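Peer 1: Below is the file coords10.txt, with compact mmCIF, C-alpha atoms.
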```
# COMPACT_ATOMS: atom_id res chain seq x y z
CA MET A 1 -35.57 -208.03 128.10
CA GLY A 2 -34.07 -204.60 127.89
CA ARG A 3 -36.14 -201.86 126.28
CA SER A 4 -33.13 -200.38 124.48
CA ARG A 5 -33.85 -202.72 121.59
CA ARG A 6 -37.00 -202.44 119.54
CA THR A 7 -39.13 -205.55 119.35
CA ILE A 8 -40.10 -207.22 116.10
CA PRO A 9 -43.79 -206.24 116.49
CA GLU A 10 -42.72 -202.60 116.84
CA GLU A 11 -40.47 -202.80 113.80
CA LEU A 12 -43.14 -204.52 111.71
CA LEU A 13 -45.62 -201.78 112.58
CA LEU A 14 -43.13 -199.03 111.73
CA LEU A 15 -42.49 -200.71 108.36
CA ALA A 16 -46.22 -200.75 107.68
CA LEU A 17 -46.80 -197.06 108.48
CA ASP A 18 -47.12 -194.95 105.35
CA PRO A 19 -44.97 -191.83 105.91
CA THR A 20 -47.25 -189.72 103.69
CA THR A 21 -50.76 -190.72 104.75
CA GLY A 22 -50.12 -191.89 108.31
CA THR A 23 -52.16 -195.03 107.69
CA THR A 24 -51.00 -198.63 108.07
CA ALA A 25 -50.61 -200.79 104.99
CA GLN A 26 -52.40 -204.17 104.94
CA PRO A 27 -54.28 -203.48 108.20
CA GLN A 28 -56.14 -206.80 108.47
CA SER A 29 -53.15 -209.02 107.74
CA LEU A 30 -50.95 -206.73 109.83
CA ASP A 31 -52.99 -207.67 112.89
CA LEU A 32 -52.12 -211.31 112.25
CA GLY A 33 -48.50 -210.38 111.64
CA LEU A 34 -48.22 -208.56 114.96
CA ALA A 35 -49.51 -211.62 116.80
CA GLY A 36 -46.95 -213.72 114.94
CA ALA A 37 -44.20 -211.20 115.62
CA GLN A 38 -44.87 -211.56 119.34
CA LEU A 39 -44.20 -215.29 119.04
CA VAL A 40 -40.91 -214.66 117.25
CA GLU A 41 -39.84 -212.11 119.86
CA LEU A 42 -40.69 -214.50 122.69
CA ALA A 43 -38.72 -217.24 120.94
CA LEU A 44 -35.69 -214.97 120.57
CA ALA A 45 -36.00 -214.20 124.30
CA GLY A 46 -35.88 -217.94 125.05
CA ARG A 47 -39.44 -218.06 126.46
CA ILE A 48 -41.05 -220.26 123.81
CA ALA A 49 -39.87 -222.67 121.11
CA PRO A 50 -41.42 -224.42 118.11
CA ASP A 51 -42.62 -228.01 118.50
CA GLY A 52 -43.52 -229.12 115.00
CA ASP A 53 -46.26 -226.70 113.96
CA ARG A 54 -47.00 -225.87 117.59
CA ILE A 55 -45.59 -223.38 120.07
CA ALA A 56 -44.42 -224.52 123.51
CA VAL A 57 -43.53 -222.40 126.53
CA VAL A 58 -40.08 -223.41 127.76
CA LEU A 59 -39.43 -220.59 130.24
CA PRO A 60 -42.47 -218.77 131.70
CA ARG A 61 -40.40 -216.03 133.37
CA PRO A 62 -41.61 -212.52 132.36
CA THR A 63 -39.57 -210.56 129.83
CA GLY A 64 -40.31 -207.13 131.28
CA ASP A 65 -42.35 -206.12 128.22
CA PRO A 66 -46.01 -205.94 129.35
CA THR A 67 -47.51 -206.76 125.96
CA LEU A 68 -45.21 -209.71 125.36
CA ASP A 69 -45.70 -210.93 128.91
CA SER A 70 -49.47 -210.88 128.45
CA ALA A 71 -49.07 -213.14 125.41
CA LEU A 72 -46.62 -215.39 127.28
CA GLU A 73 -49.03 -215.77 130.21
CA LEU A 74 -51.90 -216.68 127.90
CA LEU A 75 -49.71 -219.31 126.24
CA ARG A 76 -48.63 -220.65 129.64
CA ARG A 77 -52.22 -221.02 130.84
CA ARG A 78 -53.02 -223.38 128.00
CA GLY A 79 -50.89 -226.03 129.65
CA SER A 80 -49.80 -227.67 126.39
CA PRO A 81 -48.37 -226.48 123.05
CA VAL A 82 -50.73 -224.59 120.75
CA ARG A 83 -50.72 -224.68 116.97
CA ALA A 84 -49.24 -221.46 115.63
CA VAL A 85 -52.09 -221.09 113.15
CA ASN A 86 -54.67 -221.30 115.97
CA TRP A 87 -52.87 -218.71 118.07
CA ILE A 88 -52.44 -216.26 115.20
CA GLY A 89 -56.00 -216.76 113.98
CA GLY A 90 -57.52 -216.15 117.41
CA PRO A 91 -59.21 -212.88 118.43
CA ARG A 92 -56.77 -210.16 119.47
CA LEU A 93 -58.76 -206.99 120.00
CA GLY A 94 -56.64 -203.89 120.40
CA LEU A 95 -53.20 -205.32 119.58
CA ARG A 96 -52.32 -202.90 116.78
CA GLN A 97 -53.63 -199.95 118.77
CA THR A 98 -51.66 -201.12 121.81
CA TYR A 99 -48.45 -201.00 119.78
CA LEU A 100 -49.35 -197.66 118.19
CA ASN A 101 -49.94 -196.21 121.65
CA HIS A 102 -46.63 -197.61 122.81
CA LEU A 103 -44.77 -196.12 119.85
CA GLU A 104 -46.42 -192.79 120.59
CA ARG A 105 -45.34 -192.90 124.24
CA CYS A 106 -41.80 -193.66 123.09
CA GLY A 107 -41.88 -190.64 120.78
CA MET A 108 -41.48 -192.69 117.60
CA VAL A 109 -44.87 -191.67 116.18
CA HIS A 110 -47.38 -188.93 116.91
CA ALA A 111 -51.13 -189.08 116.55
CA VAL A 112 -52.92 -186.72 114.15
CA ALA A 113 -56.67 -186.32 114.67
CA GLY A 114 -58.90 -185.89 111.66
CA GLN A 115 -62.32 -186.64 110.21
CA MET A 116 -63.61 -188.99 107.56
CA CYS A 117 -66.23 -187.49 105.25
CA GLY A 118 -66.15 -184.44 107.51
CA VAL A 119 -67.99 -186.32 110.25
CA LEU A 120 -66.38 -189.51 111.55
CA PRO A 121 -63.33 -188.93 113.79
CA THR A 122 -60.14 -190.63 112.65
CA THR A 123 -56.59 -190.86 113.95
CA ARG A 124 -53.51 -191.21 111.80
CA TYR A 125 -49.98 -191.80 112.98
CA GLN A 126 -46.92 -190.07 111.57
CA ALA A 127 -43.42 -191.34 112.27
CA THR A 128 -41.37 -188.79 114.19
CA GLU A 129 -38.13 -190.77 114.47
CA THR A 130 -37.67 -191.19 110.73
CA ALA A 131 -34.07 -192.31 111.23
CA ILE A 132 -35.35 -195.41 113.03
CA SER A 133 -37.72 -196.27 110.19
CA ARG A 134 -34.91 -195.76 107.69
CA GLU A 135 -32.59 -198.03 109.66
CA ILE A 136 -35.18 -200.81 109.70
CA ARG A 137 -35.77 -200.45 105.98
CA THR A 138 -32.02 -200.37 105.28
CA ARG A 139 -31.55 -203.70 107.07
CA LEU A 140 -34.15 -205.30 104.81
CA ASP A 141 -32.72 -203.66 101.71
CA ASN A 142 -29.21 -204.88 102.54
CA ALA A 143 -30.41 -208.43 103.14
CA ILE A 144 -32.19 -208.38 99.79
CA ARG A 145 -29.36 -206.82 97.81
CA THR A 146 -26.34 -208.61 99.24
CA GLY A 147 -27.69 -212.14 99.47
CA VAL A 148 -25.76 -212.53 102.75
CA PRO A 149 -27.83 -214.49 105.31
CA PRO A 150 -29.30 -211.88 107.67
CA ASP A 151 -29.32 -212.05 111.44
CA PRO A 152 -32.31 -213.90 112.96
CA ARG A 153 -34.20 -210.70 113.84
CA THR A 154 -33.93 -209.30 110.32
CA ALA A 155 -34.76 -212.68 108.77
CA ALA A 156 -37.88 -212.98 110.93
CA LEU A 157 -38.91 -209.41 110.17
CA ALA A 158 -38.51 -210.08 106.44
CA ALA A 159 -40.57 -213.29 106.71
CA LEU A 160 -43.39 -211.46 108.49
CA ALA A 161 -43.26 -208.49 106.11
CA HIS A 162 -43.72 -210.91 103.22
CA ALA A 163 -46.46 -212.86 105.02
CA VAL A 164 -48.64 -209.80 105.67
CA GLY A 165 -48.19 -208.46 102.13
CA LEU A 166 -45.87 -205.54 102.84
CA GLY A 167 -43.69 -206.44 99.86
CA LYS A 168 -45.88 -204.50 97.46
CA HIS A 169 -45.88 -201.56 99.88
CA LEU A 170 -42.10 -201.56 100.34
CA TYR A 171 -41.15 -202.51 96.77
CA PRO A 172 -44.03 -201.46 94.52
CA GLY A 173 -44.60 -201.96 90.82
CA ASN A 174 -42.80 -204.02 88.21
CA GLU A 175 -39.47 -202.54 89.23
CA GLY A 176 -39.92 -203.98 92.71
CA ARG A 177 -40.77 -207.48 91.54
CA SER A 178 -37.30 -208.96 92.03
CA SER A 179 -37.00 -207.34 95.47
CA ARG A 180 -40.35 -208.80 96.50
CA SER A 181 -39.18 -212.21 95.35
CA ARG A 182 -35.96 -211.96 97.35
CA LEU A 183 -37.91 -210.72 100.38
CA ARG A 184 -39.98 -213.89 100.18
CA ASP A 185 -36.82 -216.01 99.91
CA LEU A 186 -35.45 -214.62 103.19
CA ILE A 187 -38.11 -216.67 104.98
CA ARG A 188 -35.80 -219.69 104.91
CA HIS A 189 -33.14 -218.09 107.10
CA ASP A 190 -35.04 -218.29 110.40
CA PRO A 191 -37.01 -221.47 111.31
CA MET A 192 -39.24 -219.74 113.87
CA GLY A 193 -39.87 -216.77 111.61
CA GLY A 194 -40.68 -219.17 108.79
CA LEU A 195 -43.08 -221.20 110.92
CA VAL A 196 -44.92 -218.09 112.06
CA ALA A 197 -44.96 -216.49 108.59
CA HIS A 198 -46.47 -219.64 107.09
CA ALA A 199 -49.08 -219.67 109.86
CA VAL A 200 -49.98 -216.04 109.09
CA MET A 201 -50.43 -216.89 105.41
CA ASP A 202 -52.43 -220.03 106.28
CA VAL A 203 -54.87 -217.99 108.39
CA GLN A 204 -55.32 -215.50 105.55
CA ASN A 205 -55.94 -218.35 103.11
CA GLY A 206 -58.37 -220.09 105.44
CA VAL A 207 -56.04 -223.04 105.97
CA GLY A 208 -56.03 -224.40 109.48
CA ALA A 209 -57.51 -227.85 109.61
CA GLN A 210 -54.37 -229.73 108.58
CA PRO A 211 -51.10 -229.33 110.47
CA ARG A 212 -48.31 -227.86 108.41
CA ARG A 213 -45.17 -229.97 108.15
CA SER A 214 -42.36 -227.94 109.63
CA PRO A 215 -38.72 -227.97 108.57
CA ALA A 216 -36.67 -230.77 110.14
CA VAL A 217 -34.59 -228.20 111.97
CA VAL A 218 -37.55 -227.07 114.11
CA ALA A 219 -37.78 -230.03 116.51
CA PRO A 220 -34.12 -229.86 117.59
CA MET A 221 -34.61 -226.17 118.30
CA ARG A 222 -37.28 -226.94 120.86
CA GLN A 223 -35.26 -229.72 122.48
CA SER A 224 -32.27 -227.41 122.80
CA ALA A 225 -34.41 -224.62 124.24
CA VAL A 226 -35.96 -226.95 126.79
CA GLU A 227 -32.58 -228.27 127.86
CA SER A 228 -31.06 -224.80 128.16
CA ALA A 229 -34.05 -223.47 130.07
CA GLY A 230 -34.24 -226.45 132.41
CA VAL A 231 -38.02 -226.06 132.45
CA PRO A 232 -40.59 -228.51 131.08
CA ALA A 233 -42.55 -227.24 128.10
CA GLN A 234 -45.98 -226.07 129.19
CA SER A 235 -48.46 -223.98 127.29
CA ARG A 236 -50.93 -223.64 124.61
CA HIS A 237 -53.29 -220.90 123.56
CA GLY A 238 -55.64 -219.65 121.04
CA SER A 239 -56.39 -216.05 121.86
CA MET A 240 -54.72 -212.68 122.46
CA ALA A 241 -55.55 -209.19 121.78
CA ARG A 242 -56.42 -208.03 118.19
CA VAL A 243 -56.41 -204.51 117.21
CA GLY A 244 -58.75 -202.15 115.97
CA ALA A 245 -56.09 -199.71 115.04
CA ALA A 246 -55.74 -196.55 113.28
CA ARG A 247 -55.95 -196.11 109.60
```
Reformat the file's structure so that it appears as structure tokens.
Peer 2:
Amino acid sequence: MGRSRRTIPEELLLLALDPTTGTTAQPQSLDLGLAGAQLVELALAGRIAPDGDRIAVVLPRPTGDPTLDSALELLRRRGSPVRAVNWIGGPRLGLRQTYLNHLERCGMVHAVAGQMCGVLPTTRYQATETAISREIRTRLDNAIRTGVPPDPRTAALAALAHAVGLGKHLYPGNEGRSSRSRLRDLIRHDPMGGLVAHAVMDVQNGVGAQPRRSPAVVAPMRQSAVESAGVPAQSRHGSMARVGAAR
């Protein structure tokens, strides 16, 4: 996977960064969203595919992105498909911080040291490439305003933004109510993004015992991915890195 294109986890994190305070909105649910965003990115790269409410590895070849490849390897080691809700709800220490550090190395954010209550050290992150953040936001705004089905990446990003509760951050107040509603509706435009977004919301709501019925379109997606990859589905997992991240 070329690094000229930003990944969905990176874009989700940039959406969540408050340009004024340097903190991340919805930090707890954002951690879940980043884990889900990794699944979507791996699916778009042809490495995994949905199998009902589970995730199956269809091509274990590395993508070239170390963080994604770590997730892919953990999924592969499971040996059989894992329920999306179990993966997303598993411990993932350091995931948000890992992505913040990566964005800092890429020059898209810079760290600002500070103190809480004049004693406890804190770190906030300010976006430096504001044009990138604006471009991401514009894609969402256009999808909401025009009603034209967005591309899969934007649809998945919108689904995850809704799932982690960024709607009220991006479109606040009563005036943003219709935009928040349309953001939620974009979830239907990408089956994988929808599956993962529902899993994120299920984890937040404490729902995990009963499998979620997935859209009928999901199963054919996996079959097609397996056939195109020429590799038997392998993999399952329930753990990856979670973040402690900066606020």
Peer 1: Using only C-alpha atoms, which of A:Ala43, A:Ile48, A:Ile88, A:Ala35 sits nearest Arg76 (chain A)?
Peer 2: A:Ile48
Peer 1: So how many Å separate CA of Val196 (chain A) and CA of Gly36 (chain A), to one decimal?
Peer 2: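 Going from CA of Val196 (chain A) over to CA of Gly36 (chain A) covers 5.6 Å.
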Peer 1: Which polymer residues have any atom within 12 Å of an atom of Leu39 (chain A), counting all atoms listed in the file, with same-chain residues fewer than 2 positions away left out, as a count of residues only?
Peer 2: 50
Peer 1: Give me the residues within 12 Å of Glu11 (chain A) as a PyMOL selection string, counting all atoms listed in the file and dropping any in the same chain fewer than 6 places off.
Peer 2: chain A and resi 5+17+30+33-34+37-38+41+99-100+103+108+127+132-137+139-140+153-154+156-158+160-161
Peer 1: Quick one: everything within 9 Å of region 164-176 of chain A, counting all atoms listed in the file, minus sequence neighbours fewer than 5 positions away in the same chain. Send it as number ranges by chain.
Peer 2: A: 15-16, 18, 25-33, 137, 159, 181, 183-184, 197, 200-201, 204
Peer 1: Could you work out an axis-aligned box for region 188-200 of chain A, taking every atom the file lists and adding 5 Å on each side, and report centre and edge lengths in Å to one decimal, as JSON?
Peer 2:
```
{"center_x": -41.6, "center_y": -218.8, "center_z": 109.4, "size_x": 26.8, "size_y": 15.4, "size_z": 19.0}
```
Peer 1: Go ahead and compute the interatomic distance for CA of Pro91 (chain A) and CA of His189 (chain A), in Å to one decimal.
Peer 2: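 For CA of Pro91 (chain A) relative to CA of His189 (chain A), the distance reads 28.9 Å.
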Peer 1: At what distance in Å, to one decimal, does CA of Ala131 (chain A) lie from CA of Pro19 (chain A)?
Peer 2: 12.1 Å
Peer 1: For each of A:Arg177, A:His162, A:Arg105, A:Arg6, take the minimum atom-to-atom distance to His198 (chain A), counting only C-alpha atoms, then give the residue where this is smallest.
Peer 2: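 Residue with the minimum atom-to-atom distance to His198 (chain A): A:His162.
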Peer 1: Counting all atoms listed in the file, which residue out of A:Cys106, A:Val119, A:Ile187, A:Ala163 sits closest to Pro150 (chain A)?
Peer 2: A:Ile187
Peer 1: Counting all atoms listed in the file, which residues have an atom no more than 9 Å from (-52.6, -188.4, 113.7) in the file's coordinates? Please list them as a PyMOL selection string.
Peer 2: chain A and resi 22-23+109-114+122-126+246
